[in-house]
Structure formats: structure tokens, C-alpha cells
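Structure data follow from upload_4.txt (compact mmCIF, C-alpha atoms):
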# COMPACT_ATOMS: atom_id res chain seq x y z
CA MET X 12 168.87 126.93 127.73
CA THR X 13 170.00 129.13 124.90
CA SER X 14 168.18 131.35 122.45
CA ALA X 15 168.14 128.36 120.04
CA LEU X 16 165.03 127.25 121.92
CA LYS X 17 161.89 128.54 120.22
CA LEU X 18 158.50 129.40 121.70
CA THR X 19 155.15 128.31 120.27
CA LEU X 20 151.78 129.68 121.35
CA GLY X 21 149.32 126.79 121.14
CA PRO X 22 145.68 127.18 120.10
CA LEU X 23 143.29 128.83 122.52
CA LEU X 24 141.36 125.93 124.04
CA TYR X 25 138.64 128.03 125.69
CA LEU X 26 135.70 129.90 124.20
CA TRP X 27 136.24 133.65 124.19
CA GLN X 28 133.94 136.14 122.51
CA THR X 29 135.08 137.27 119.06
CA GLU X 30 136.40 140.70 120.07
CA ARG X 31 138.36 139.34 122.99
CA TRP X 32 139.79 136.57 120.78
CA ARG X 33 140.85 139.05 118.10
CA ASP X 34 142.36 141.55 120.50
CA PHE X 35 144.28 138.80 122.30
CA TYR X 36 146.01 137.73 119.11
CA PHE X 37 146.59 141.29 117.95
CA ARG X 38 148.52 141.90 121.17
CA ILE X 39 150.39 138.60 120.77
CA ALA X 40 151.38 139.75 117.27
CA ASP X 41 152.61 143.12 118.47
CA GLU X 42 154.25 142.26 121.79
CA ALA X 43 154.83 138.54 122.50
CA PRO X 44 158.32 137.07 121.88
CA VAL X 45 156.96 133.85 120.37
CA ASP X 46 158.09 132.34 117.08
CA THR X 47 154.99 130.37 116.08
CA VAL X 48 151.27 130.77 116.76
CA VAL X 49 148.77 127.93 116.29
CA LEU X 50 145.28 129.20 115.49
CA GLY X 51 141.92 127.54 115.11
CA GLU X 52 139.30 125.61 117.04
CA THR X 53 140.56 122.43 118.66
CA VAL X 54 137.89 121.50 121.21
CA CYS X 55 134.36 122.02 119.80
CA SER X 56 133.30 122.63 116.19
CA LYS X 57 130.25 124.60 117.38
CA ARG X 58 132.63 127.38 118.41
CA LEU X 59 134.12 127.91 114.94
CA HIS X 60 131.88 130.83 113.99
CA PHE X 61 133.21 132.88 116.92
CA MET X 62 136.57 133.28 115.15
CA GLU X 63 135.75 132.99 111.46
CA SER X 64 135.00 136.68 110.85
CA GLU X 65 138.35 137.82 112.30
CA MET X 66 140.60 134.92 111.27
CA ALA X 67 142.03 136.59 108.16
CA ALA X 68 142.83 139.81 110.04
CA VAL X 69 144.51 137.88 112.87
CA VAL X 70 146.61 135.81 110.47
CA GLU X 71 147.68 138.95 108.60
CA ARG X 72 148.65 140.74 111.81
CA LEU X 73 150.64 137.78 113.13
CA GLU X 74 152.51 137.21 109.88
CA ALA X 75 153.25 140.90 109.50
CA SER X 76 155.01 140.70 112.87
CA GLY X 77 157.21 137.87 111.61
CA LYS X 78 155.46 135.00 113.36
CA GLU X 79 154.77 131.65 111.70
CA VAL X 80 151.08 130.72 111.69
CA ARG X 81 149.77 127.15 111.83
CA ILE X 82 146.15 126.01 111.77
CA SER X 83 144.90 123.41 114.25
CA THR X 84 142.48 120.61 113.49
CA LEU X 85 139.83 119.39 115.92
CA ALA X 86 140.94 116.97 118.61
CA LEU X 87 137.80 114.83 118.23
CA VAL X 88 135.79 114.27 115.04
CA THR X 89 132.32 112.73 115.44
CA LEU X 90 130.22 114.30 112.64
CA ASP X 91 130.34 114.35 108.85
CA ARG X 92 130.60 118.14 108.82
CA GLU X 93 133.60 117.92 111.15
CA ALA X 94 135.29 115.40 108.86
CA LYS X 95 134.63 117.74 105.93
CA TYR X 96 136.13 120.60 107.90
CA GLN X 97 139.28 118.55 108.57
CA ARG X 98 139.67 117.85 104.86
CA SER X 99 139.19 121.51 104.02
CA LEU X 100 142.07 122.42 106.33
CA ALA X 101 144.32 119.89 104.61
CA ASP X 102 143.43 121.41 101.25
CA GLY X 103 143.84 124.94 102.60
CA ASP X 104 145.78 128.05 101.77
CA GLY X 105 149.35 126.99 102.40
CA HIS X 106 149.62 127.31 106.18
CA LEU X 107 151.02 124.30 108.01
CA VAL X 108 148.22 122.28 109.58
CA GLU X 109 148.58 120.86 113.09
CA ALA X 110 146.88 117.46 113.31
CA ASN X 111 145.29 116.86 116.70
CA ASP X 112 143.29 113.79 115.69
CA LEU X 113 144.30 110.73 113.68
CA SER X 114 141.41 111.34 111.29
CA ALA X 115 143.40 114.21 109.78
CA LEU X 116 146.45 112.13 108.89
CA GLN X 117 145.10 110.52 105.73
CA ALA X 118 144.16 113.91 104.29
CA LEU X 119 147.59 115.27 105.21
CA LYS X 120 149.56 112.29 103.91
CA ASN X 121 152.75 113.27 102.06
CA ARG X 122 152.14 116.94 102.84
CA HIS X 123 154.20 118.80 105.38
CA HIS X 124 152.27 119.21 108.61
CA THR X 125 152.79 119.12 112.37
CA ILE X 126 151.37 116.97 115.19
CA GLY X 127 149.70 118.46 118.26
CA PRO X 128 149.72 117.17 121.86
CA PHE X 129 146.35 115.41 121.51
CA VAL X 130 147.90 112.67 119.37
CA ASN X 131 149.45 109.97 121.57
CA VAL X 132 153.12 109.80 120.61
CA TYR X 133 154.64 107.66 123.35
CA ASN X 134 157.67 106.14 121.59
CA GLY X 135 160.13 106.63 118.77
CA ALA X 136 158.38 104.14 116.50
CA SER X 137 155.21 106.25 116.57
CA ALA X 138 157.20 109.39 115.82
CA LYS X 139 158.85 107.68 112.83
CA VAL X 140 155.50 106.62 111.39
CA LEU X 141 154.25 110.19 111.65
CA ALA X 142 157.43 111.52 110.08
CA ARG X 143 157.01 109.19 107.11
CA ASN X 144 153.48 110.53 106.69
CA GLY X 145 154.83 114.08 106.36
CA ALA X 146 155.08 115.41 109.93
CA THR X 147 157.93 117.88 110.39
CA ALA X 148 157.31 118.64 114.07
CA ILE X 149 155.57 116.95 117.00
CA CYS X 150 154.31 118.52 120.22
CA LEU X 151 154.64 115.60 122.61
CA PRO X 152 151.83 114.67 125.01
CA PRO X 153 152.20 116.64 128.25
CA GLU X 154 152.17 113.54 130.46
CA LEU X 155 155.44 112.15 129.11
CA PRO X 156 158.39 111.99 131.55
CA SER X 157 161.76 113.38 130.49
CA ALA X 158 163.26 109.89 130.09
CA SER X 159 160.68 108.99 127.43
CA ILE X 160 161.15 112.35 125.72
CA GLY X 161 164.87 111.75 125.43
CA GLU X 162 164.36 108.28 123.93
CA ILE X 163 161.93 109.60 121.31
CA ALA X 164 164.36 112.36 120.35
CA LYS X 165 167.23 109.90 119.94
CA SER X 166 165.27 107.47 117.80
CA CYS X 167 163.61 110.09 115.56
CA PRO X 168 166.03 113.02 115.05
CA GLU X 169 164.42 113.96 111.73
CA VAL X 170 161.41 115.52 113.50
CA ALA X 171 161.48 118.71 115.58
CA LEU X 172 160.08 118.05 119.05
CA GLU X 173 158.11 120.45 121.22
CA LEU X 174 157.19 120.31 124.90
CA PHE X 175 153.90 121.41 126.45
CA ALA X 176 155.52 123.89 128.84
CA PHE X 177 152.72 126.10 130.15
CA GLY X 178 148.98 125.72 130.68
CA ARG X 179 146.33 123.52 132.21
CA VAL X 180 147.02 120.01 130.94
CA PRO X 181 144.46 118.58 128.49
CA LEU X 182 143.51 115.21 130.00
CA ALA X 183 140.47 113.96 128.09
CA ILE X 184 137.91 114.89 125.46
CA SER X 185 134.43 113.44 125.03
CA ALA X 186 131.54 113.41 122.58
CA ARG X 187 129.40 114.56 125.52
CA CYS X 188 129.57 118.00 127.11
CA ALA X 189 129.90 117.82 130.87
CA HIS X 190 130.29 121.60 130.97
CA ALA X 191 126.81 122.14 129.50
CA ARG X 192 125.28 119.42 131.67
CA SER X 193 126.76 120.97 134.82
CA LYS X 194 124.71 124.08 134.02
CA GLY X 195 121.49 122.23 133.28
CA ARG X 196 121.80 122.16 129.50
CA THR X 197 122.44 119.59 126.80
CA LYS X 198 125.23 119.59 124.25
CA ASP X 199 122.82 120.33 121.39
CA ASN X 200 121.26 123.23 123.30
CA CYS X 201 124.29 124.40 125.26
CA GLN X 202 123.82 128.10 124.38
CA PHE X 203 127.62 128.30 124.63
CA VAL X 204 127.65 128.38 128.43
CA CYS X 205 131.37 127.57 128.31
CA ASP X 206 132.03 131.24 127.51
CA GLU X 207 131.06 131.96 131.12
CA ASP X 208 134.29 130.24 132.19
CA PRO X 209 137.10 131.70 130.05
CA ASP X 210 139.71 129.77 132.02
CA GLY X 211 137.69 126.58 132.58
CA LEU X 212 135.04 125.58 135.11
CA PRO X 213 136.59 124.21 138.35
CA VAL X 214 135.61 120.69 139.37
CA ARG X 215 135.87 120.00 143.09
CA THR X 216 135.99 116.87 145.20
CA LEU X 217 133.29 116.19 147.81
CA SER X 218 135.59 117.86 150.35
CA GLY X 219 135.73 121.01 148.21
CA GLN X 220 139.24 120.59 146.81
CA PRO X 221 139.67 121.66 143.15
CA PHE X 222 141.32 118.96 141.05
CA LEU X 223 140.04 119.32 137.45
CA ALA X 224 138.59 121.94 135.12
CA LEU X 225 135.88 121.56 132.47
CA ASN X 226 136.11 123.28 129.10
CA GLY X 227 133.14 122.27 127.01
CA VAL X 228 133.67 118.64 125.99
CA GLN X 229 137.23 118.75 127.33
CA THR X 230 138.62 117.93 130.76
CA LEU X 231 141.74 119.76 131.93
CA SER X 232 143.94 119.62 134.99
CA HIS X 233 143.35 122.08 137.79
CA SER X 234 147.07 122.75 138.10
CA CYS X 235 149.02 124.59 135.43
CA GLN X 236 151.98 122.74 133.95
CA ALA X 237 155.02 125.01 133.98
CA LEU X 238 158.34 123.67 132.68
CA ILE X 239 160.20 126.87 133.43
CA GLU X 240 162.64 125.43 136.00
CA GLU X 241 164.18 122.82 133.68
CA PRO X 242 166.84 124.98 131.95
CA THR X 243 169.42 122.25 131.42
CA ASP X 244 166.93 119.52 130.54
CA THR X 245 165.19 120.93 127.54
CA LEU X 246 167.86 121.25 124.87
CA SER X 247 169.80 118.23 126.14
CA LEU X 248 166.66 116.14 125.59
CA GLY X 249 166.54 117.19 121.94
CA ILE X 250 163.69 119.68 122.27
CA SER X 251 163.55 122.59 119.82
CA SER X 252 160.48 124.48 121.06
CA LEU X 253 158.34 125.06 124.15
CA ARG X 254 154.57 125.33 123.82
CA LEU X 255 152.62 127.88 125.84
CA SER X 256 148.89 127.14 126.01
CA PRO X 257 146.81 130.34 126.41
CA GLN X 258 145.18 130.88 129.78
CA ALA X 259 143.10 133.83 130.98
CA CYS X 260 146.13 135.80 132.10
CA ASP X 261 148.77 138.06 130.58
CA MET X 262 150.25 135.69 128.00
CA VAL X 263 152.64 138.35 126.75
CA ALA X 264 154.19 138.45 130.22
CA VAL X 265 154.22 134.64 130.38
CA SER X 266 156.01 134.35 127.04
CA ASP X 267 158.47 137.04 128.08
CA LEU X 268 159.40 135.04 131.20
CA PHE X 269 160.03 131.89 129.17
CA ARG X 270 162.03 133.88 126.64
CA ARG X 271 164.19 135.42 129.38
CA VAL X 272 164.91 132.01 130.92
CA ALA X 273 165.65 130.52 127.49
CA ASP X 274 168.11 133.31 126.78
CA GLY X 275 169.78 132.98 130.18
CA ARG X 276 168.62 136.43 131.29
CA MET X 277 166.61 135.32 134.33
CA PRO X 278 167.19 132.60 136.94
CA PRO X 279 164.49 129.90 136.67
CA PRO X 280 163.41 130.14 140.36
CA GLU X 281 162.80 133.87 139.91
CA ALA X 282 160.83 133.18 136.75
CA SER X 283 158.59 130.63 138.47
CA ARG X 284 157.96 133.11 141.32
CA ARG X 285 156.86 135.74 138.82
CA LEU X 286 154.79 133.20 136.91
CA ARG X 287 152.77 132.52 140.04
CA GLU X 288 152.05 136.26 140.28
CA ILE X 289 150.96 136.48 136.65
CA TYR X 290 148.72 133.41 136.89
CA PRO X 291 147.62 132.92 140.52
CA GLU X 292 144.39 131.07 139.61
CA ALA X 293 146.03 127.64 139.56
CA PRO X 294 149.03 126.06 141.31
CA LEU X 295 152.05 125.38 139.12
CA SER X 296 153.01 121.77 138.46
CA ASN X 297 155.76 119.85 136.66
CA GLY X 298 155.33 116.36 138.10
CA PHE X 299 154.73 114.60 134.77
CA HIS X 300 158.10 115.78 133.46
CA HIS X 301 159.85 114.26 136.47
CA GLY X 302 157.98 110.95 136.37
CA ARG X 303 155.79 111.86 139.32
CA ALA X 304 152.10 112.66 139.79
CA GLY X 305 151.27 115.40 137.32
CA ALA X 306 149.96 117.87 139.91
CA GLU X 307 153.20 117.87 141.93
CA TRP X 308 155.73 120.67 141.87
CA ILE X 309 159.38 119.59 141.90
CA ALA X 310 161.50 122.53 143.01
CA ARG X 311 164.61 123.08 140.90
CA GLN X 312 167.00 123.54 143.80
CA ARG X 313 165.95 120.17 145.23
CA ASN X 314 165.60 118.15 142.00
CA MET X 315 168.69 116.08 142.75
CA GLU X 316 167.03 114.84 145.92
CA GLY X 317 163.70 114.22 144.19
CA SER X 318 161.96 116.26 146.87
CA VAL X 319 158.72 118.10 146.46
CA GLN X 320 158.27 121.71 147.49
Entire entry expressed as C-alpha cells:
Amino acid sequence: MTSALKLTLGPLLYLWQTERWRDFYFRIADEAPVDTVVLGETVCSKRLHFMESEMAAVVERLEASGKEVRISTLALVTLDREAKYQRSLADGDGHLVEANDLSALQALKNRHHTIGPFVNVYNGASAKVLARNGATAICLPPELPSASIGEIAKSCPEVALELFAFGRVPLAISARCAHARSKGRTKDNCQFVCDEDPDGLPVRTLSGQPFLALNGVQTLSHSCQALIEEPTDTLSLGISSLRLSPQACDMVAVSDLFRRVADGRMPPPEASRRLREIYPEAPLSNGFHHGRAGAEWIARQRNMEGSVQ
């Protein structure tokens, strides 16, 4: 890697109380070595009011620190008011909008925008269609193996590509809220119980093994994807940016580790060791990138053998 590789902080997928949300982004603005920050609610429209009162202050603070700000759309639109909200983002104040649902594409047609990891871009033809619609950058789905990533980059060089490099992997989203139901509530009367689990609610097998996490209407992986031991892969695949998805840990320290590896100032194995210390709540994984089961961890020093640590 070289310093040509940029870092993007993706939207916060969890529900945090307003003050915690604001203070998190203020610290990101002041201390995190990221180039771009994606703001906004992606998972559940009912959460929007938690950030609305502080959004302008957060945007101002981030931009004053030299960071580019993008605004995320919802990943699932099921109501008229949600469709209206999507259109209002497209007609917004000049910030690039990140489309995370196909319903946003018509409103964004012929306007510069970006594509988030919730849109299934599995081949170069899909990337080209999105580029013709106005997309300037695409964060590829986190389950794509490196071979597919390379093919997309070759066939669609006009679009900047981004990899989902850190965070629990978003696996599914539903119109129903399993998180609320797990706590004896309904989606319409959830009372925002998801704020009790700021890093997701663990889902365990009958034998007690954690394997998923709930986040409102969203299902995430239990393991945390971490593409920090792929220093020669990333740029050679045609990737221009790595996406860090906020977790309930020190994201300034996480972004600093990725920045150090990208700049060649820290060996990747050392960085992954430190990453486990910063975020011990979930095992690290990179299996998807290597064409294996997503929850696996492929150690860098043994990649050539395809062995698992």
C-alpha cells in the first residue's frame, strides 16, 4: 500500500443517543486520519430524529477539518415518507449522496453520487450501468472475493472503487424488526430498544456459539471483517479507498492503524494484533476476500498456502 489509498468512514449503522453520536463525530473530525465521512441513517428511518438536531454542527466540524462529507440514503424503503425522504436527499444541499437502495437511483439520475455496499454490484456490467447513471464511486459489497473485485475494476475504470475493510458485515435487512421482537416488542412499538445494544445484539446457536448480531431490522455478522493484512492486494486490484464501518470501539485508533499500514509505517501482522486489542468484542475475519467462508481468518504469512490461522 501507499498513501494514495484513501480512508472512508462509513455511516454509523447502530443507534446511539444524540450526544454520543455528536461527540463521536466531533472526535473523528478532530483526530481521525480519514478522508471522507458518510453521515446519515441507513438502517431505520425511525432513528432519524436522534441525529437531526446535531447534523449541521457535525457537518460543519467535519468539513472544517478538511474531510469530505457524504449523506447516506436508507438501505430499505417501505413507506411513502421514506421515499419522500430519499427524494429530499437527492434534492439536497450539495453534498454527495450515497445510494444504498435502488429506489434512490432514479432521483439521483445524471447527478454525481456514490453507491454504498448495500447495492449488489457483482460484475463490471452493473458498475457500468451505475456509472452511466452518475455514480462516481462504488463501495463494493463486502462478500466479494478479490478475483471478482479485480475484474470489476478492469472493466469499469471510470469509477473509483472502495472496499469494506473494517466492521461487522451487513448481511441482510428486513421490513420486520427481529431486534424488537427478541425483547418482547413490535416494530411499531419498539421504544428504540436497539439503543441498548450499541454494537449489535449477539445471536447465538443452540449450543451457545455467537454467529450473528441484530441491529434493529438489520442482521450483521458476528465476526468483524478486517482487510488490514492485504497490503499488496488493495491497490493492485484497482481500489482507491478502504471503508471503516463504525463499531463501539476507538475508531480513531482503528483509522490510525489502517493509515499506518497504508503508508507503510506498520507491518500488517502488527496492525492486526493491535486491532484485536482495540476491538476485542468480535473475532477478526477476512474470509470473503480470499474466496472462503466469511468468518474465517486467513493469516498473511500463510496466504500462499491458503491456510487458516
For region 88-95 of chain X: contacts at 8 Å, only C-alpha atoms, fewer than 6 positions along chain excluded, given as an MDAnalysis selection string
chainID X and resid 56 112 114 186
Filtering to C-alpha atoms, could you give me those residues as a PDB file, keeping the file's coordinate frame?
ATOM      1  CA  SER X  56     133.300 122.630 116.190  1.00  0.00           C
ATOM      2  CA  ASP X 112     143.290 113.790 115.690  1.00  0.00           C
ATOM      3  CA  SER X 114     141.410 111.340 111.290  1.00  0.00           C
ATOM      4  CA  ALA X 186     131.540 113.410 122.580  1.00  0.00           C
TER       5      ALA X 186
END
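Atom to atom, CA of Val132 (chain X) and CA of Leu116 (chain X) stand 13.7 Å apart.
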Here is a test: counting only C-alpha atoms, which residue of X:Glu154, X:Glu207, X:Asp261, X:Asp199 is nearest to Asn297 (chain X)?
X:Glu154
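In this model, the gap between CA of Gly145 (chain X) and CA of Gly51 (chain X) comes to 20.6 Å.
The interatomic distance for the pair CA of Arg215 (chain X) and CA of His233 (chain X) works out to 9.4 Å.
Distance check against Leu182 (chain X) using all atoms listed in the file: of X:Ser234, X:Ser76, X:Asn121, X:Ser157, the minimum falls on X:Ser234.
Of the residues under consideration (X:Asn144, X:Gly227, X:Ser247, X:Gly105), X:Ser247 shows the shortest atom-to-atom contact distance to Ala164 (chain X) when counting only C-alpha atoms.
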Have a look at X:Ala101, X:Cys150, X:Ala138, X:Ile239 and name the one nearest to Lys120 (chain X); count all atoms listed in the file.
X:Ala101
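Candidate residues X:Leu100, X:Leu107, X:Ala40, X:Cys201 were compared for distance to Ala75 (chain X), and the nearest is X:Ala40, using only C-alpha atoms.
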Nearest residue to Val265 (chain X) from the set X:Arg285, X:Arg179, X:Arg58, X:His106 (distances using all atoms listed in the file)
X:Arg285
